[in-house]
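Q: Dumping the structure here so I can ask a few things about it.
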Amino acid sequence: AEVKPIIKHIIDNNKKLEEKGIHPIACELVGTAGIAKTALVEEIAKEYDANYVKLSLSQISEVGEISGYPIREHYVCKPDGDCRWITPELIDIYSKSGYEITDQTRMSYSVPKWIQELDPYKPTIVNMDDAGRCSNYISQAIMEIIYKQEFISWKLPKNTTIILTNNPDDGSFNTSSYDEAFKSRMVSFNVKFSGKVWSQWADSQNLDPRAINFLLLYESELFTRKQGH
């Protein structure tokens with residue numbers, strides 16, 4: 001009930017920041033397991049009719065799945081001065097179109113598949129799930145993406161907001177803490193479960209009243225962690 005309006009404000013404000021040439025702000029939702037952090041992000045994406053991308057960072061082992069894979073590019077030019085960088089498979093096409101292949105090459109990164117499939121005319125919400133459970137290599141790769149929404153040779157579409165979801169680093173979960181450089185790239189919100197708020201939502205969804213009553217009766221046992229547990 002409290003965090004949702006804040007996240008929507010950040011999404012709306014990010015659009016204004018981009019229009020001023022300022023990097024959008026990424027945010028993080030931190031809370032215990034099972035309180036619907038990811039479901040909340042999905043719900044917001046539906047309300048905005050936005051592209052929704054969920055990157056389960058704990059299940060990704062190759063950095064290339066996040067950043068794209070290295071590729072070689074060649075510099076080609078037309079006599080009129082029209083020059084550009086292209087990948088090797090496009091050389092024949094550009095040669096037939098009047099471009100000359102120069103001896104300049106560079107290493108670049110391909111655009112990841114999860115970006116290629118986005119509708120450029122819609123806002124985009126990228127949910128980096130279980131951010132504290134990813135490997136150090138993945139963590140390093142996403143730092144620049146979180147801060148500038150780009151990675152060397154590609155950029156995220158305009159009107160994109162990155163939202164991380166994570167469990168607290170308090171010894172109760174198998175998560176790693178961030179260093180100060182990583183923390184400075186986003187704003188974090190601690191999210192707690194509210195039985196009252198959930199019961200109102202559940203009632204609006206016509207869920208079984210017995211389930212609602214059970215939750216209200218045993219909320220502290222289900223969602224309040226005690227010392228040593």
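Identifiers for the structure tokens are assigned positionally: chains receive A, B, ... in sequence, residues are indexed from 1 per chain, and ligands are indexed from 1 in the order shown.
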Which residues, written as a list in words, have at least one atom at most 12 Å from Ala1 of chain A, with only C-alpha atoms counted and residues fewer than 6 positions away on the same chain left out?

A: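 Selected residues are Ile7, Lys8, Leu40, Val191, Lys192, Phe193, Ser194, Gly195, Lys196, Val197, Trp198, Ser199, Gln200 and Trp201 of chain A.
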
Q: Run DSSP on the backbone and grab whatever in segment 69-184 of chain A lands in alpha helix (DSSP H); send it over as a list in words.

A: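 Everything in segment 69-184 of chain A that counts as alpha helix (DSSP H) is Ile91, Asp92, Ile93, Tyr94, Ser95, Lys96, Lys113, Trp114, Ile115, Gln116, Asn136, Tyr137, Ile138, Ser139, Gln140, Ala141, Ile142, Met143, Glu144, Ile145, Ile146, Tyr147, Lys148, Glu180, Ala181, Phe182 and Lys183 of chain A.
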
Q: Among segment 9-133 of chain A, which residues does DSSP mark as strand (DSSP E or B) when it is run on the backbone? Keep the chain and numbering as in the structure and answer as a VMD selection string.

A: chain A and resid 26 to 30 51 to 56 70 to 77 83 to 86 100 to 109 124 to 129

Q: Based on the selection just made, write C-alpha atoms of those residues as a PDB file, in the first residue's frame.

A:
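Written output follows (part02.pdb):
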```pdb
ATOM      1  CA  ALA A  26      16.967   2.525 -10.251  1.00  0.00           C
ATOM      2  CA  CYS A  27      15.343   1.224  -7.080  1.00  0.00           C
ATOM      3  CA  GLU A  28      15.395  -1.928  -4.990  1.00  0.00           C
ATOM      4  CA  LEU A  29      12.711  -3.680  -2.945  1.00  0.00           C
ATOM      5  CA  VAL A  30      14.159  -5.595   0.005  1.00  0.00           C
ATOM      6  CA  ASN A  51       7.335  -4.037 -21.496  1.00  0.00           C
ATOM      7  CA  TYR A  52       8.184  -6.283 -18.557  1.00  0.00           C
ATOM      8  CA  VAL A  53      11.493  -8.126 -18.358  1.00  0.00           C
ATOM      9  CA  LYS A  54      12.343 -10.353 -15.411  1.00  0.00           C
ATOM     10  CA  LEU A  55      16.012 -11.290 -15.120  1.00  0.00           C
ATOM     11  CA  SER A  56      16.438 -14.023 -12.501  1.00  0.00           C
ATOM     12  CA  PRO A  70      31.584  -9.799 -27.727  1.00  0.00           C
ATOM     13  CA  ILE A  71      31.530  -9.303 -31.508  1.00  0.00           C
ATOM     14  CA  ARG A  72      33.948  -7.822 -34.048  1.00  0.00           C
ATOM     15  CA  GLU A  73      32.804  -4.843 -36.088  1.00  0.00           C
ATOM     16  CA  HIS A  74      34.256  -3.409 -39.313  1.00  0.00           C
ATOM     17  CA  TYR A  75      34.267   0.237 -40.342  1.00  0.00           C
ATOM     18  CA  VAL A  76      32.801   0.812 -43.827  1.00  0.00           C
ATOM     19  CA  CYS A  77      32.477   4.031 -45.825  1.00  0.00           C
ATOM     20  CA  CYS A  83      30.528   5.695 -42.677  1.00  0.00           C
ATOM     21  CA  ARG A  84      29.382   3.185 -40.066  1.00  0.00           C
ATOM     22  CA  TRP A  85      30.361   0.156 -38.028  1.00  0.00           C
ATOM     23  CA  ILE A  86      28.911  -3.198 -39.146  1.00  0.00           C
ATOM     24  CA  GLU A 100      34.194   0.166 -49.012  1.00  0.00           C
ATOM     25  CA  ILE A 101      35.647  -1.939 -46.216  1.00  0.00           C
ATOM     26  CA  THR A 102      38.380  -0.109 -44.323  1.00  0.00           C
ATOM     27  CA  ASP A 103      41.103  -1.730 -42.246  1.00  0.00           C
ATOM     28  CA  GLN A 104      39.573  -0.399 -39.015  1.00  0.00           C
ATOM     29  CA  THR A 105      38.008  -2.955 -36.693  1.00  0.00           C
ATOM     30  CA  ARG A 106      36.831  -2.901 -33.099  1.00  0.00           C
ATOM     31  CA  MET A 107      35.430  -5.242 -30.488  1.00  0.00           C
ATOM     32  CA  SER A 108      31.860  -4.487 -29.419  1.00  0.00           C
ATOM     33  CA  TYR A 109      28.974  -6.234 -27.666  1.00  0.00           C
ATOM     34  CA  THR A 124       9.879  -0.656 -20.014  1.00  0.00           C
ATOM     35  CA  ILE A 125      10.289  -2.119 -16.537  1.00  0.00           C
ATOM     36  CA  VAL A 126      13.278  -4.393 -15.959  1.00  0.00           C
ATOM     37  CA  ASN A 127      13.008  -6.515 -12.809  1.00  0.00           C
ATOM     38  CA  MET A 128      16.417  -7.800 -11.679  1.00  0.00           C
ATOM     39  CA  ASP A 129      15.253 -10.499  -9.298  1.00  0.00           C
TER      40      ASP A 129
END
```

Q: Here is a test: counting only C-alpha atoms, which residue of A:Lys96, A:Val41, A:Gly34, A:Ser172 is nearest to Pro5 of chain A?

A: A:Val41

Q: Have a look at A:Ser97, A:Ser61, A:Ser188, A:Ser177 and name the one nearest to Leu164 of chain A; count only C-alpha atoms.

A: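 Once distances to Leu164 of chain A are computed over only C-alpha atoms, the minimum belongs to A:Ser188.
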
Q: Point out the residue among A:Pro168, A:Gly68, A:Pro123, A:Pro24 with the least atom-to-atom distance to Ile152 of chain A, counting only C-alpha atoms.

A: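 Between A:Pro168, A:Gly68, A:Pro123, A:Pro24, the residue approaching Ile152 of chain A most closely is A:Gly68.
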
Q: Using only C-alpha atoms, which of the listed residues (A:Ser204, A:Arg133, A:Tyr218, A:Ile146) sits closest to Gln59 of chain A?

A: A:Arg133

Q: Using atom CA of Asn213 of chain A and atom CA of Glu2 of chain A as the two end points, give the distance in Å to one decimal.

A: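 Straight-line distance from atom CA of Asn213 of chain A to atom CA of Glu2 of chain A works out to 22.7 Å.
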
Q: Excluding Pro120 of chain A and its own-chain neighbours fewer than 2 positions away, which residues fall within 10 Å of it when counting only C-alpha atoms? Please give them as a PDB file with N, CA, C and O atoms, in the first residue's frame.

A:
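Output file result20.pdb is given in full below:
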```
ATOM      1  N   ASN A  51       6.507  -2.855 -21.316  1.00  0.00           N
ATOM      2  CA  ASN A  51       7.335  -4.037 -21.496  1.00  0.00           C
ATOM      3  C   ASN A  51       7.802  -4.482 -20.113  1.00  0.00           C
ATOM      4  O   ASN A  51       8.226  -3.658 -19.304  1.00  0.00           O
ATOM      5  N   ILE A 115      16.630  -7.490 -24.742  1.00  0.00           N
ATOM      6  CA  ILE A 115      16.398  -6.112 -25.158  1.00  0.00           C
ATOM      7  C   ILE A 115      15.804  -6.062 -26.565  1.00  0.00           C
ATOM      8  O   ILE A 115      14.934  -5.240 -26.865  1.00  0.00           O
ATOM      9  N   GLN A 116      16.257  -6.945 -27.433  1.00  0.00           N
ATOM     10  CA  GLN A 116      15.809  -6.944 -28.824  1.00  0.00           C
ATOM     11  C   GLN A 116      14.306  -7.136 -28.954  1.00  0.00           C
ATOM     12  O   GLN A 116      13.687  -6.664 -29.901  1.00  0.00           O
ATOM     13  N   GLU A 117      13.703  -7.835 -28.010  1.00  0.00           N
ATOM     14  CA  GLU A 117      12.284  -8.177 -28.110  1.00  0.00           C
ATOM     15  C   GLU A 117      11.359  -7.107 -27.525  1.00  0.00           C
ATOM     16  O   GLU A 117      10.145  -7.279 -27.513  1.00  0.00           O
ATOM     17  N   LEU A 118      11.904  -5.994 -27.035  1.00  0.00           N
ATOM     18  CA  LEU A 118      11.085  -4.960 -26.403  1.00  0.00           C
ATOM     19  C   LEU A 118      10.398  -4.083 -27.447  1.00  0.00           C
ATOM     20  O   LEU A 118      10.951  -3.793 -28.505  1.00  0.00           O
ATOM     21  N   LYS A 122       6.624   1.469 -26.017  1.00  0.00           N
ATOM     22  CA  LYS A 122       6.057   1.304 -24.685  1.00  0.00           C
ATOM     23  C   LYS A 122       7.110   1.615 -23.621  1.00  0.00           C
ATOM     24  O   LYS A 122       8.309   1.470 -23.869  1.00  0.00           O
ATOM     25  N   PRO A 123       6.678   2.025 -22.424  1.00  0.00           N
ATOM     26  CA  PRO A 123       7.649   2.115 -21.324  1.00  0.00           C
ATOM     27  C   PRO A 123       8.149   0.715 -20.980  1.00  0.00           C
ATOM     28  O   PRO A 123       7.496  -0.283 -21.313  1.00  0.00           O
ATOM     29  N   THR A 124       9.276   0.637 -20.336  1.00  0.00           N
ATOM     30  CA  THR A 124       9.879  -0.656 -20.014  1.00  0.00           C
ATOM     31  C   THR A 124      10.219  -0.721 -18.534  1.00  0.00           C
ATOM     32  O   THR A 124      10.758   0.231 -17.969  1.00  0.00           O
ATOM     33  N   LEU A 156      19.640   0.801 -23.092  1.00  0.00           N
ATOM     34  CA  LEU A 156      18.256   0.391 -22.891  1.00  0.00           C
ATOM     35  C   LEU A 156      17.329   1.397 -23.566  1.00  0.00           C
ATOM     36  O   LEU A 156      17.703   2.553 -23.762  1.00  0.00           O
ATOM     37  N   PRO A 157      16.114   0.972 -23.938  1.00  0.00           N
ATOM     38  CA  PRO A 157      15.176   1.915 -24.567  1.00  0.00           C
ATOM     39  C   PRO A 157      14.847   3.072 -23.638  1.00  0.00           C
ATOM     40  O   PRO A 157      14.960   2.967 -22.416  1.00  0.00           O
ATOM     41  N   LYS A 158      14.446   4.178 -24.230  1.00  0.00           N
ATOM     42  CA  LYS A 158      14.021   5.318 -23.425  1.00  0.00           C
ATOM     43  C   LYS A 158      12.801   4.941 -22.581  1.00  0.00           C
ATOM     44  O   LYS A 158      12.051   4.049 -22.936  1.00  0.00           O
ATOM     45  N   ASN A 159      12.620   5.642 -21.468  1.00  0.00           N
ATOM     46  CA  ASN A 159      11.501   5.405 -20.557  1.00  0.00           C
ATOM     47  C   ASN A 159      11.586   4.014 -19.926  1.00  0.00           C
ATOM     48  O   ASN A 159      10.601   3.283 -19.864  1.00  0.00           O
TER      49      ASN A 159
END
```

Q: Nearest to Ser110 of chain A among A:Lys155, A:Gly98, A:Gly21, A:Lys148, with distances taken over only C-alpha atoms: which residue is it?

A: A:Lys155

Q: May I ask which of the residues A:Thr175, A:Ser67, A:Asn14, A:Thr38 is the closest one to Ser135 of chain A, counting only C-alpha atoms?

A: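 Looking only at the distances to Ser135 of chain A, the closest residue turns out to be A:Thr175.
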